[in-house]
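Only one structure is covered here, and it is reproduced in the block below.
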Amino acid sequence: MEETVSYRVYWMIWVVLLVLTLIMIGIESLSLSTGMGILVLSTAMMIKATLIAGWFMHLKYETRFIMLTLVLATLLTTAFLVFLLIPDGIAAHRMMEYPR
Amino acid sequence: MSQADMTSSTISWEGGVSPFGMSWQKLMMWVFLVTDALLFAGFLASYLFIRLANGTWPDQGDVFNMPLIGLMTFILITSSATMATAVGSAHRGNLKSAIRFVSYTALGGAIFLGLQATEWTQIIHEGARLSSNPWGPSAFSSFFFMITGFHGTHVLIGVGILITTALRARAGKATSEGVELVGLYWHFVDLIWVFIFTTFYLI
């Protein structure tokens, strides 16, 4: 859908993306637990992805139908892949560590 | 079909001639990007599987030159912002500005590729190969070369398309929608890097 977005919005998003990137790199120097580190990094990653897809790729300005179709198709399939393989990976590790 | 049936179907359709509210070219670009995203999702999911199955994994901070990776990320994010500005200029009919910002984006992509070549050279000099590396599981370097190599190929193709678009725009052959389609592809390359950067370099 045609909608002209102000240049200022793009460059504000650029600043937010850079700040998030710096935070993500800086997280390494903090002594966070593995779980908390993964949670913070994953949240920052999803915020960055939303900003890029929503504003830079103009998905926010498309019809709700196309937005939901594209986002749900990608997210659900990715979640299916990841959550199917994570338990398998852990099980494979246990099998290698404790072979019969 | 009777006139009454046709009226009824017209009322229930409501999609008009463009049910997705976009041109077929743009819709097909989105379909391509979704399929390409799923390809990378497959790469990253298999990477997670192998990493969990191995148990031990090299500390990325010890292997990678993080300031270089940070610089690569900065360049790619900046090129995405210049691309968004180029698309905005094209939609406003400001062809000169669109060409300028498409050129900046291509330059950003080329710098990213140069930095990635530097990163690969450093890693290879330290002994990393497709099937072995000095830091631990052989899958570490296999995934590194596969995932970053595949992404780098996308960047390389993107730079080629950007240069072509800038030249076509200069010759008066590019449309604003054409610039927008290139923009979608380029932002996608940036989007994928966000996931690679987080899952491969940081987590």
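Following the order of the structure tokens, chains are lettered A, B, ..., residues in each are numbered from 1, and ligands are numbered from 1.
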Residue contacts of B:Ala139 (10 Å, only C-alpha atoms) excluding same-chain residues fewer than 2 positions away, as a tab-separated table (two decimals) with N, CA, C and O atoms, in the first residue's frame:
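Output (part.tsv):
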```tsv
chain	number	residue	atom	x	y	z
B	47	TYR	N	21.76	-25.48	12.90
B	47	TYR	CA	22.93	-25.02	13.68
B	47	TYR	C	22.66	-25.19	15.18
B	47	TYR	O	23.51	-25.70	15.92
B	50	ILE	N	22.84	-28.93	16.09
B	50	ILE	CA	24.21	-29.46	16.16
B	50	ILE	C	24.94	-28.91	17.37
B	50	ILE	O	25.67	-29.63	18.06
B	51	ARG	N	24.69	-27.65	17.67
B	51	ARG	CA	25.36	-27.02	18.82
B	51	ARG	C	24.93	-27.70	20.13
B	51	ARG	O	25.75	-27.99	20.99
B	54	ASN	N	26.32	-31.28	20.35
B	54	ASN	CA	27.75	-31.34	20.67
B	54	ASN	C	28.04	-31.06	22.15
B	54	ASN	O	29.04	-31.52	22.68
B	57	TRP	N	30.99	-25.97	22.79
B	57	TRP	CA	31.03	-25.11	21.61
B	57	TRP	C	32.05	-24.00	21.86
B	57	TRP	O	32.14	-23.53	23.00
B	130	LEU	N	36.53	-26.08	6.11
B	130	LEU	CA	35.12	-26.51	6.07
B	130	LEU	C	34.86	-27.69	7.01
B	130	LEU	O	33.80	-27.80	7.61
B	131	SER	N	35.85	-28.57	7.12
B	131	SER	CA	35.62	-29.80	7.90
B	131	SER	C	36.42	-29.87	9.20
B	131	SER	O	36.36	-30.87	9.90
B	132	SER	N	37.19	-28.83	9.51
B	132	SER	CA	37.96	-28.86	10.76
B	132	SER	C	38.30	-27.44	11.20
B	132	SER	O	38.27	-26.50	10.39
B	133	ASN	N	38.62	-27.31	12.49
B	133	ASN	CA	39.06	-26.02	13.01
B	133	ASN	C	39.79	-26.24	14.33
B	133	ASN	O	39.62	-27.28	14.97
B	136	GLY	N	37.49	-26.67	18.25
B	136	GLY	CA	36.59	-27.70	18.79
B	136	GLY	C	35.82	-28.44	17.73
B	136	GLY	O	36.40	-28.87	16.73
B	137	PRO	N	34.49	-28.56	17.92
B	137	PRO	CA	33.70	-29.35	16.97
B	137	PRO	C	33.87	-28.87	15.52
B	137	PRO	O	33.85	-27.66	15.26
B	141	SER	N	33.08	-24.61	12.27
B	141	SER	CA	33.55	-23.90	11.07
B	141	SER	C	32.69	-24.22	9.85
B	141	SER	O	32.51	-23.37	8.97
B	142	SER	N	32.12	-25.44	9.81
B	142	SER	CA	31.24	-25.78	8.67
B	142	SER	C	30.05	-24.81	8.63
B	142	SER	O	29.72	-24.24	7.59
B	143	PHE	N	29.42	-24.62	9.81
B	143	PHE	CA	28.27	-23.71	9.87
B	143	PHE	C	28.69	-22.28	9.63
B	143	PHE	O	27.97	-21.51	8.99
B	144	PHE	N	29.88	-21.92	10.14
B	144	PHE	CA	30.34	-20.54	9.94
B	144	PHE	C	30.45	-20.23	8.45
B	144	PHE	O	29.90	-19.23	7.96
B	145	PHE	N	31.15	-21.11	7.72
B	145	PHE	CA	31.35	-20.84	6.29
B	145	PHE	C	30.03	-20.94	5.52
B	145	PHE	O	29.78	-20.16	4.59
```
Enumerate, as an NGL selection string, the complete set of residues in stretch 30-138 of chain B that a backbone-based DSSP assignment places in helix (DSSP H, G or I). :B and (30-54 or 60-63 or 66-91 or 95-125 or 138)
Under the rule that only C-alpha atoms are counted, which of B:Leu76, B:Leu191, B:Met146, B:Leu181 is the nearest residue to chain A?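 Ranking B:Leu76, B:Leu191, B:Met146, B:Leu181 by distance to chain A, first place goes to B:Leu191.
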Select residues of chain A: the criterion is any atom within 6 Å of an atom of chain B, counting only C-alpha atoms; output as a count of residues only. 13
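In this model, the gap between atom CA of B:Ile99 and atom CA of B:Thr175 comes to 11.5 Å.
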When you look at A:Ile27 with a cut-off of 8 Å (counting only C-alpha atoms), what residues show up, excluding the ones that are within fewer than 4 positions of it in the same chain? I need them as an mmCIF file with N, CA and C atoms, in the first residue's frame.
```
data_model
loop_
_atom_site.group_PDB
_atom_site.id
_atom_site.type_symbol
_atom_site.label_atom_id
_atom_site.label_comp_id
_atom_site.auth_asym_id
_atom_site.auth_seq_id
_atom_site.Cartn_x
_atom_site.Cartn_y
_atom_site.Cartn_z
ATOM 1 N N ILE A 23 24.040 -2.458 22.648
ATOM 2 C CA ILE A 23 23.605 -3.124 23.887
ATOM 3 C C ILE A 23 23.885 -4.623 23.786
ATOM 4 N N LEU A 32 25.819 -11.899 33.135
ATOM 5 C CA LEU A 32 24.445 -12.401 33.219
ATOM 6 C C LEU A 32 24.467 -13.925 33.140
ATOM 7 N N GLY A 37 20.964 -14.009 29.544
ATOM 8 C CA GLY A 37 21.667 -13.487 28.373
ATOM 9 C C GLY A 37 20.917 -13.819 27.083
#
```
A:Val16 surroundings by only C-alpha atoms, 12 Å radius, close-in-sequence under 3 positions cut, as a PyMOL selection string: (chain A and resi 9-13+19-23+44+47-52) or (chain B and resi 74+77-78+81)
Distance in Å - atom CA of B:Asn94 versus atom CA of B:Gly109: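 Separation between atom CA of B:Asn94 and atom CA of B:Gly109: 22.7 Å.
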Residues at most 10 Å from B:Trp120, counting only C-alpha atoms, excluding those fewer than 6 positions away in the same chain, as a list in words?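 The residues satisfying every condition are Phe64, Gly114, Glu126, Ala128, Phe144, Phe145, Thr148 and Gly149 of chain B.
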Just-selected residues, C-alpha atoms written as a PDB file, in the first residue's frame:
```
ATOM      1  CA  PHE B  64      35.804 -13.865  16.185  1.00  0.00           C
ATOM      2  CA  GLY B 114      35.252  -6.390   1.931  1.00  0.00           C
ATOM      3  CA  GLU B 126      44.000 -19.358  12.080  1.00  0.00           C
ATOM      4  CA  ALA B 128      39.603 -22.999  10.085  1.00  0.00           C
ATOM      5  CA  PHE B 144      30.345 -20.544   9.937  1.00  0.00           C
ATOM      6  CA  PHE B 145      31.351 -20.841   6.286  1.00  0.00           C
ATOM      7  CA  THR B 148      27.968 -16.408   6.484  1.00  0.00           C
ATOM      8  CA  GLY B 149      28.885 -17.537   2.966  1.00  0.00           C
TER       9      GLY B 149
END
```
